[in-house]
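Asker: Shown below is the structure under consideration.
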Amino acid sequence: MSFPKSISLITLGVTDLARARAFYAALGWEAHTAPEGVVFIQLAGQVLALFGLDDLAADQGVPVATLGKGAVTLARNFAAEAEVDAAFALALAAGATAIKPPEKVSWGGYSGYFADPDGHVWELAVNPFWPLAADGTLTLP
């Protein structure tokens with residue numbers, strides 16, 4: 001058996017579940033019914049979960065202080081620079097913090113970075129070498 005090449009669920013540890021839910025709702029991401037203490041948002045073929053830090057630490061069996069040590073960037077690719085700019089503006093209006101405004105980058109694309117209210121970093125990008133499917137999903141050429 002080999003390890004499946006997919007991610008089913010991405011869980012973000014958050015300090016304020018209601019604030020995190022409101023932030024992602026302001027991006028247009030609808031929360032689904034879930035047990036108390038967690039928020040599930042359906043993505044294209046995946047689920048994003050928002051989970052309180054204390055509960056996430058307890059679920060993993062580790063101290064809260066050990067969470068958040070990995071360097072991770074979540075990313076969303078778009079077909080056009082104007083779409084990146086619009087999504088970046090929407091994120092800022094919803095309460096994100098700008099890290100790097102969208103701009104042309106050395107590898108030939110266009111990208112910018114923001115952090116959600118809990119500091120989770122997102123990149124919004126156009127990669128001219130990676131065409132997107134009609135539903136926005138990405139398959140490497």
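Please note that chains go A, B, ... in the order of the structure tokens, that every chain numbers its residues from 1, and that ligands are numbered from 1 in the order shown.
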So that I can see what lies close to region 41-43 of chain A, please list as a list in words the residues with an atom at most 7 Å from it, counting only C-alpha atoms and leaving out residues fewer than 4 positions away in the same chain.
Answerer: Trp29, Glu30, Ala31, His32, Val47, Leu48 and Ala49 of chain A
Asker: Could you write out, as an mmCIF file with all heavy atoms, in the first residue's frame, all the residues of region 20-112 of chain A that DSSP marks as alpha helix (DSSP H)?
Answerer:
```
data_model
loop_
_atom_site.group_PDB
_atom_site.id
_atom_site.type_symbol
_atom_site.label_atom_id
_atom_site.label_comp_id
_atom_site.auth_asym_id
_atom_site.auth_seq_id
_atom_site.Cartn_x
_atom_site.Cartn_y
_atom_site.Cartn_z
ATOM 1 N N ALA A 20 -13.087 33.392 13.868
ATOM 2 C CA ALA A 20 -12.576 32.669 12.703
ATOM 3 C C ALA A 20 -13.727 32.317 11.761
ATOM 4 O O ALA A 20 -13.619 32.475 10.541
ATOM 5 C CB ALA A 20 -11.827 31.416 13.135
ATOM 6 N N ARG A 21 -14.836 31.854 12.327
ATOM 7 C CA ARG A 21 -16.002 31.512 11.504
ATOM 8 C C ARG A 21 -16.504 32.738 10.750
ATOM 9 O O ARG A 21 -16.811 32.672 9.556
ATOM 10 C CB ARG A 21 -17.106 30.929 12.389
ATOM 11 C CG ARG A 21 -18.339 30.527 11.624
ATOM 12 C CD ARG A 21 -19.438 30.028 12.548
ATOM 13 N NE ARG A 21 -20.541 29.510 11.762
ATOM 14 C CZ ARG A 21 -21.238 28.457 12.071
ATOM 15 N NH1 ARG A 21 -20.963 27.782 13.165
ATOM 16 N NH2 ARG A 21 -22.228 28.067 11.315
ATOM 17 N N ALA A 22 -16.564 33.874 11.433
ATOM 18 C CA ALA A 22 -17.031 35.111 10.803
ATOM 19 C C ALA A 22 -16.079 35.558 9.698
ATOM 20 O O ALA A 22 -16.521 36.025 8.639
ATOM 21 C CB ALA A 22 -17.184 36.209 11.852
ATOM 22 N N PHE A 23 -14.771 35.413 9.916
ATOM 23 C CA PHE A 23 -13.795 35.794 8.904
ATOM 24 C C PHE A 23 -13.991 34.982 7.627
ATOM 25 O O PHE A 23 -14.105 35.542 6.535
ATOM 26 C CB PHE A 23 -12.362 35.605 9.428
ATOM 27 C CG PHE A 23 -11.315 35.818 8.367
ATOM 28 C CD1 PHE A 23 -10.956 37.099 7.982
ATOM 29 C CD2 PHE A 23 -10.701 34.743 7.742
ATOM 30 C CE1 PHE A 23 -10.008 37.300 6.987
ATOM 31 C CE2 PHE A 23 -9.751 34.932 6.753
ATOM 32 C CZ PHE A 23 -9.406 36.216 6.374
ATOM 33 N N TYR A 24 -14.055 33.664 7.755
ATOM 34 C CA TYR A 24 -14.198 32.827 6.563
ATOM 35 C C TYR A 24 -15.582 32.980 5.921
ATOM 36 O O TYR A 24 -15.721 32.898 4.708
ATOM 37 C CB TYR A 24 -13.814 31.374 6.863
ATOM 38 C CG TYR A 24 -12.314 31.253 7.009
ATOM 39 C CD1 TYR A 24 -11.702 31.215 8.249
ATOM 40 C CD2 TYR A 24 -11.496 31.238 5.881
ATOM 41 C CE1 TYR A 24 -10.321 31.161 8.370
ATOM 42 C CE2 TYR A 24 -10.117 31.177 5.991
ATOM 43 C CZ TYR A 24 -9.533 31.141 7.235
ATOM 44 O OH TYR A 24 -8.163 31.095 7.338
ATOM 45 N N ALA A 25 -16.598 33.268 6.729
ATOM 46 C CA ALA A 25 -17.928 33.554 6.171
ATOM 47 C C ALA A 25 -17.890 34.838 5.342
ATOM 48 O O ALA A 25 -18.530 34.927 4.283
ATOM 49 C CB ALA A 25 -18.962 33.668 7.287
ATOM 50 N N ALA A 26 -17.109 35.825 5.787
ATOM 51 C CA ALA A 26 -16.988 37.077 5.042
ATOM 52 C C ALA A 26 -16.282 36.871 3.702
ATOM 53 O O ALA A 26 -16.444 37.672 2.785
ATOM 54 C CB ALA A 26 -16.246 38.124 5.874
ATOM 55 N N LEU A 53 -7.749 26.190 19.740
ATOM 56 C CA LEU A 53 -6.385 25.736 20.042
ATOM 57 C C LEU A 53 -6.339 24.743 21.199
ATOM 58 O O LEU A 53 -5.636 23.736 21.125
ATOM 59 C CB LEU A 53 -5.476 26.933 20.357
ATOM 60 C CG LEU A 53 -4.959 27.719 19.173
ATOM 61 C CD1 LEU A 53 -4.149 28.917 19.658
ATOM 62 C CD2 LEU A 53 -4.108 26.850 18.268
ATOM 63 N N ASP A 54 -7.047 25.044 22.287
ATOM 64 C CA ASP A 54 -7.031 24.135 23.436
ATOM 65 C C ASP A 54 -7.572 22.762 23.057
ATOM 66 O O ASP A 54 -7.003 21.736 23.430
ATOM 67 C CB ASP A 54 -7.840 24.716 24.600
ATOM 68 C CG ASP A 54 -7.189 25.937 25.228
ATOM 69 O OD1 ASP A 54 -5.947 26.095 25.098
ATOM 70 O OD2 ASP A 54 -7.910 26.737 25.836
ATOM 71 N N ASP A 55 -8.674 22.753 22.309
ATOM 72 C CA ASP A 55 -9.265 21.483 21.882
ATOM 73 C C ASP A 55 -8.361 20.739 20.909
ATOM 74 O O ASP A 55 -8.248 19.517 20.968
ATOM 75 C CB ASP A 55 -10.637 21.717 21.241
ATOM 76 C CG ASP A 55 -11.672 22.225 22.236
ATOM 77 O OD1 ASP A 55 -11.528 21.949 23.445
ATOM 78 O OD2 ASP A 55 -12.622 22.892 21.797
ATOM 79 N N LEU A 56 -7.684 21.478 20.013
ATOM 80 C CA LEU A 56 -6.769 20.846 19.069
ATOM 81 C C LEU A 56 -5.589 20.216 19.806
ATOM 82 O O LEU A 56 -5.189 19.083 19.511
ATOM 83 C CB LEU A 56 -6.281 21.861 18.033
ATOM 84 C CG LEU A 56 -5.345 21.331 16.953
ATOM 85 C CD1 LEU A 56 -5.994 20.215 16.143
ATOM 86 C CD2 LEU A 56 -4.912 22.468 16.040
ATOM 87 N N ALA A 57 -5.050 20.940 20.772
ATOM 88 C CA ALA A 57 -3.938 20.397 21.563
ATOM 89 C C ALA A 57 -4.377 19.144 22.315
ATOM 90 O O ALA A 57 -3.658 18.137 22.334
ATOM 91 C CB ALA A 57 -3.408 21.450 22.532
ATOM 92 N N ALA A 58 -5.562 19.189 22.914
ATOM 93 C CA ALA A 58 -6.068 18.020 23.640
ATOM 94 C C ALA A 58 -6.265 16.843 22.698
ATOM 95 O O ALA A 58 -5.939 15.701 23.034
ATOM 96 C CB ALA A 58 -7.381 18.372 24.351
ATOM 97 N N ASP A 59 -6.794 17.108 21.501
ATOM 98 C CA ASP A 59 -7.018 16.049 20.522
ATOM 99 C C ASP A 59 -5.698 15.402 20.110
ATOM 100 O O ASP A 59 -5.631 14.191 19.907
ATOM 101 C CB ASP A 59 -7.739 16.629 19.302
ATOM 102 C CG ASP A 59 -8.336 15.566 18.406
ATOM 103 O OD1 ASP A 59 -9.020 14.665 18.928
ATOM 104 O OD2 ASP A 59 -8.123 15.645 17.182
ATOM 105 N N GLN A 60 -4.644 16.208 19.983
ATOM 106 C CA GLN A 60 -3.333 15.689 19.609
ATOM 107 C C GLN A 60 -2.571 15.110 20.799
ATOM 108 O O GLN A 60 -1.575 14.411 20.622
ATOM 109 C CB GLN A 60 -2.477 16.799 18.965
ATOM 110 C CG GLN A 60 -2.984 17.256 17.630
ATOM 111 C CD GLN A 60 -2.094 18.326 17.017
ATOM 112 O OE1 GLN A 60 -0.982 18.576 17.465
ATOM 113 N NE2 GLN A 60 -2.587 18.977 15.979
ATOM 114 N N GLU A 81 -4.906 38.171 -12.747
ATOM 115 C CA GLU A 81 -4.409 39.072 -11.712
ATOM 116 C C GLU A 81 -5.541 39.847 -11.043
ATOM 117 O O GLU A 81 -5.526 40.059 -9.827
ATOM 118 C CB GLU A 81 -3.373 40.036 -12.299
ATOM 119 C CG GLU A 81 -2.091 39.341 -12.714
ATOM 120 C CD GLU A 81 -1.073 40.274 -13.350
ATOM 121 O OE1 GLU A 81 -1.253 41.519 -13.298
ATOM 122 O OE2 GLU A 81 -0.071 39.755 -13.897
ATOM 123 N N ALA A 82 -6.538 40.261 -11.813
ATOM 124 C CA ALA A 82 -7.666 41.007 -11.240
ATOM 125 C C ALA A 82 -8.411 40.173 -10.205
ATOM 126 O O ALA A 82 -8.917 40.709 -9.216
ATOM 127 C CB ALA A 82 -8.613 41.463 -12.347
ATOM 128 N N GLU A 83 -8.475 38.858 -10.412
ATOM 129 C CA GLU A 83 -9.121 37.980 -9.436
ATOM 130 C C GLU A 83 -8.304 37.921 -8.141
ATOM 131 O O GLU A 83 -8.866 37.892 -7.050
ATOM 132 C CB GLU A 83 -9.284 36.575 -10.013
ATOM 133 C CG GLU A 83 -10.256 36.491 -11.160
ATOM 134 C CD GLU A 83 -10.281 35.116 -11.809
ATOM 135 O OE1 GLU A 83 -9.301 34.356 -11.672
ATOM 136 O OE2 GLU A 83 -11.280 34.806 -12.456
ATOM 137 N N VAL A 84 -6.991 37.890 -8.268
ATOM 138 C CA VAL A 84 -6.127 37.921 -7.080
ATOM 139 C C VAL A 84 -6.357 39.215 -6.313
ATOM 140 O O VAL A 84 -6.542 39.209 -5.093
ATOM 141 C CB VAL A 84 -4.638 37.779 -7.470
ATOM 142 C CG1 VAL A 84 -3.726 38.068 -6.279
ATOM 143 C CG2 VAL A 84 -4.352 36.397 -8.033
ATOM 144 N N ASP A 85 -6.345 40.337 -7.030
ATOM 145 C CA ASP A 85 -6.540 41.637 -6.385
ATOM 146 C C ASP A 85 -7.885 41.707 -5.667
ATOM 147 O O ASP A 85 -7.975 42.193 -4.539
ATOM 148 C CB ASP A 85 -6.432 42.767 -7.414
ATOM 149 C CG ASP A 85 -5.029 42.918 -7.983
ATOM 150 O OD1 ASP A 85 -4.048 42.468 -7.342
ATOM 151 O OD2 ASP A 85 -4.905 43.485 -9.087
ATOM 152 N N ALA A 86 -8.938 41.214 -6.306
ATOM 153 C CA ALA A 86 -10.272 41.245 -5.699
ATOM 154 C C ALA A 86 -10.336 40.355 -4.460
ATOM 155 O O ALA A 86 -10.906 40.745 -3.434
ATOM 156 C CB ALA A 86 -11.325 40.825 -6.722
ATOM 157 N N ALA A 87 -9.763 39.159 -4.534
ATOM 158 C CA ALA A 87 -9.767 38.254 -3.390
ATOM 159 C C ALA A 87 -8.934 38.821 -2.246
ATOM 160 O O ALA A 87 -9.299 38.691 -1.070
ATOM 161 C CB ALA A 87 -9.256 36.878 -3.803
ATOM 162 N N PHE A 88 -7.821 39.454 -2.569
ATOM 163 C CA PHE A 88 -6.965 40.079 -1.546
ATOM 164 C C PHE A 88 -7.732 41.195 -0.834
ATOM 165 O O PHE A 88 -7.743 41.276 0.396
ATOM 166 C CB PHE A 88 -5.688 40.614 -2.204
ATOM 167 C CG PHE A 88 -4.607 40.981 -1.235
ATOM 168 C CD1 PHE A 88 -3.762 40.008 -0.712
ATOM 169 C CD2 PHE A 88 -4.410 42.293 -0.856
ATOM 170 C CE1 PHE A 88 -2.751 40.341 0.180
ATOM 171 C CE2 PHE A 88 -3.406 42.638 0.036
ATOM 172 C CZ PHE A 88 -2.560 41.661 0.555
ATOM 173 N N ALA A 89 -8.411 42.037 -1.605
ATOM 174 C CA ALA A 89 -9.204 43.125 -1.022
ATOM 175 C C ALA A 89 -10.326 42.568 -0.149
ATOM 176 O O ALA A 89 -10.597 43.102 0.937
ATOM 177 C CB ALA A 89 -9.774 44.011 -2.129
ATOM 178 N N LEU A 90 -10.975 41.499 -0.593
ATOM 179 C CA LEU A 90 -12.035 40.867 0.192
ATOM 180 C C LEU A 90 -11.488 40.351 1.519
ATOM 181 O O LEU A 90 -12.095 40.548 2.575
ATOM 182 C CB LEU A 90 -12.668 39.721 -0.607
ATOM 183 C CG LEU A 90 -13.781 38.945 0.093
ATOM 184 C CD1 LEU A 90 -14.963 39.845 0.422
ATOM 185 C CD2 LEU A 90 -14.226 37.777 -0.778
ATOM 186 N N ALA A 91 -10.326 39.694 1.477
ATOM 187 C CA ALA A 91 -9.713 39.172 2.710
ATOM 188 C C ALA A 91 -9.394 40.306 3.675
ATOM 189 O O ALA A 91 -9.660 40.200 4.883
ATOM 190 C CB ALA A 91 -8.461 38.366 2.372
ATOM 191 N N LEU A 92 -8.830 41.405 3.175
ATOM 192 C CA LEU A 92 -8.515 42.539 4.048
ATOM 193 C C LEU A 92 -9.780 43.135 4.651
ATOM 194 O O LEU A 92 -9.822 43.457 5.839
ATOM 195 C CB LEU A 92 -7.718 43.595 3.289
ATOM 196 C CG LEU A 92 -6.337 43.185 2.781
ATOM 197 C CD1 LEU A 92 -5.634 44.378 2.143
ATOM 198 C CD2 LEU A 92 -5.479 42.574 3.874
ATOM 199 N N ALA A 93 -10.831 43.262 3.843
ATOM 200 C CA ALA A 93 -12.098 43.794 4.339
ATOM 201 C C ALA A 93 -12.708 42.888 5.404
ATOM 202 O O ALA A 93 -13.408 43.358 6.303
ATOM 203 C CB ALA A 93 -13.074 43.996 3.178
ATOM 204 N N ALA A 94 -12.423 41.587 5.311
ATOM 205 C CA ALA A 94 -12.957 40.620 6.277
ATOM 206 C C ALA A 94 -12.137 40.589 7.563
ATOM 207 O O ALA A 94 -12.526 39.926 8.521
ATOM 208 C CB ALA A 94 -12.990 39.233 5.645
#
```
Asker: Rank A:Gly37, A:Gly61, A:Gly45, A:Gly13 by their smallest atom-to-atom distance to Asp118 (chain A), using only C-alpha atoms, and report the top residue only.
Answerer: A:Gly13
Asker: Give me every strand (DSSP E or B) residue in chain A, going by DSSP on the backbone, as a VMD selection string.
Answerer: chain A and resid 9 to 14 31 to 32 38 to 42 47 to 52 73 to 77 97 to 104 110 to 115 121 to 126 132 138
Asker: For region 98-102 of chain A, find every residue with an atom within 6 Å (counting only C-alpha atoms), except residues of its own chain fewer than 5 positions away, and show them as a PyMOL selection string.
Answerer: chain A and resi 111-114
Asker: So the first atom is CA of Ala133 (chain A) and the second is CA of Met1 (chain A); what is the distance between them in Å, to one decimal place?
Answerer: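 Answer for the CA of Ala133 (chain A) to CA of Met1 (chain A) separation: 29.3 Å.
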Asker: Take CA of Leu138 (chain A) and CA of Gly119 (chain A) and report the distance between them in Å, one decimal.
Answerer: 24.9 Å
Asker: Could you tell me how far CA of Gln46 (chain A) sits from CA of Val64 (chain A), in Å to one decimal place?
Answerer: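 Separation between CA of Val64 (chain A) and CA of Gln46 (chain A): 25.7 Å.
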Asker: Counting only C-alpha atoms, what is within 10 Å of Ala80 (chain A), bar same-chain residues fewer than 6 positions away, as a PyMOL selection string?
Answerer: chain A and resi 110+125-128
Asker: Restricting the calculation to only C-alpha atoms: of A:Lys5, A:Glu103, A:Val39, A:Leu27, which residue gets closest to Asp116 (chain A)?
Answerer: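 So, comparing all the options, the nearest one is A:Leu27.
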Asker: Taking into account only C-alpha atoms, which residue in the set A:Asn77, A:Trp122, A:Pro4, A:Ala34 is nearest to Thr139 (chain A)?
Answerer: A:Asn77
Asker: Determine, counting only C-alpha atoms, which protein, DNA and RNA residues have an atom within 7 Å of an atom of Leu17 (chain A); residues of the same chain fewer than 2 positions away are not included. Present the result as a PyMOL selection string.
Answerer: chain A and resi 14-15+19-21+50-52
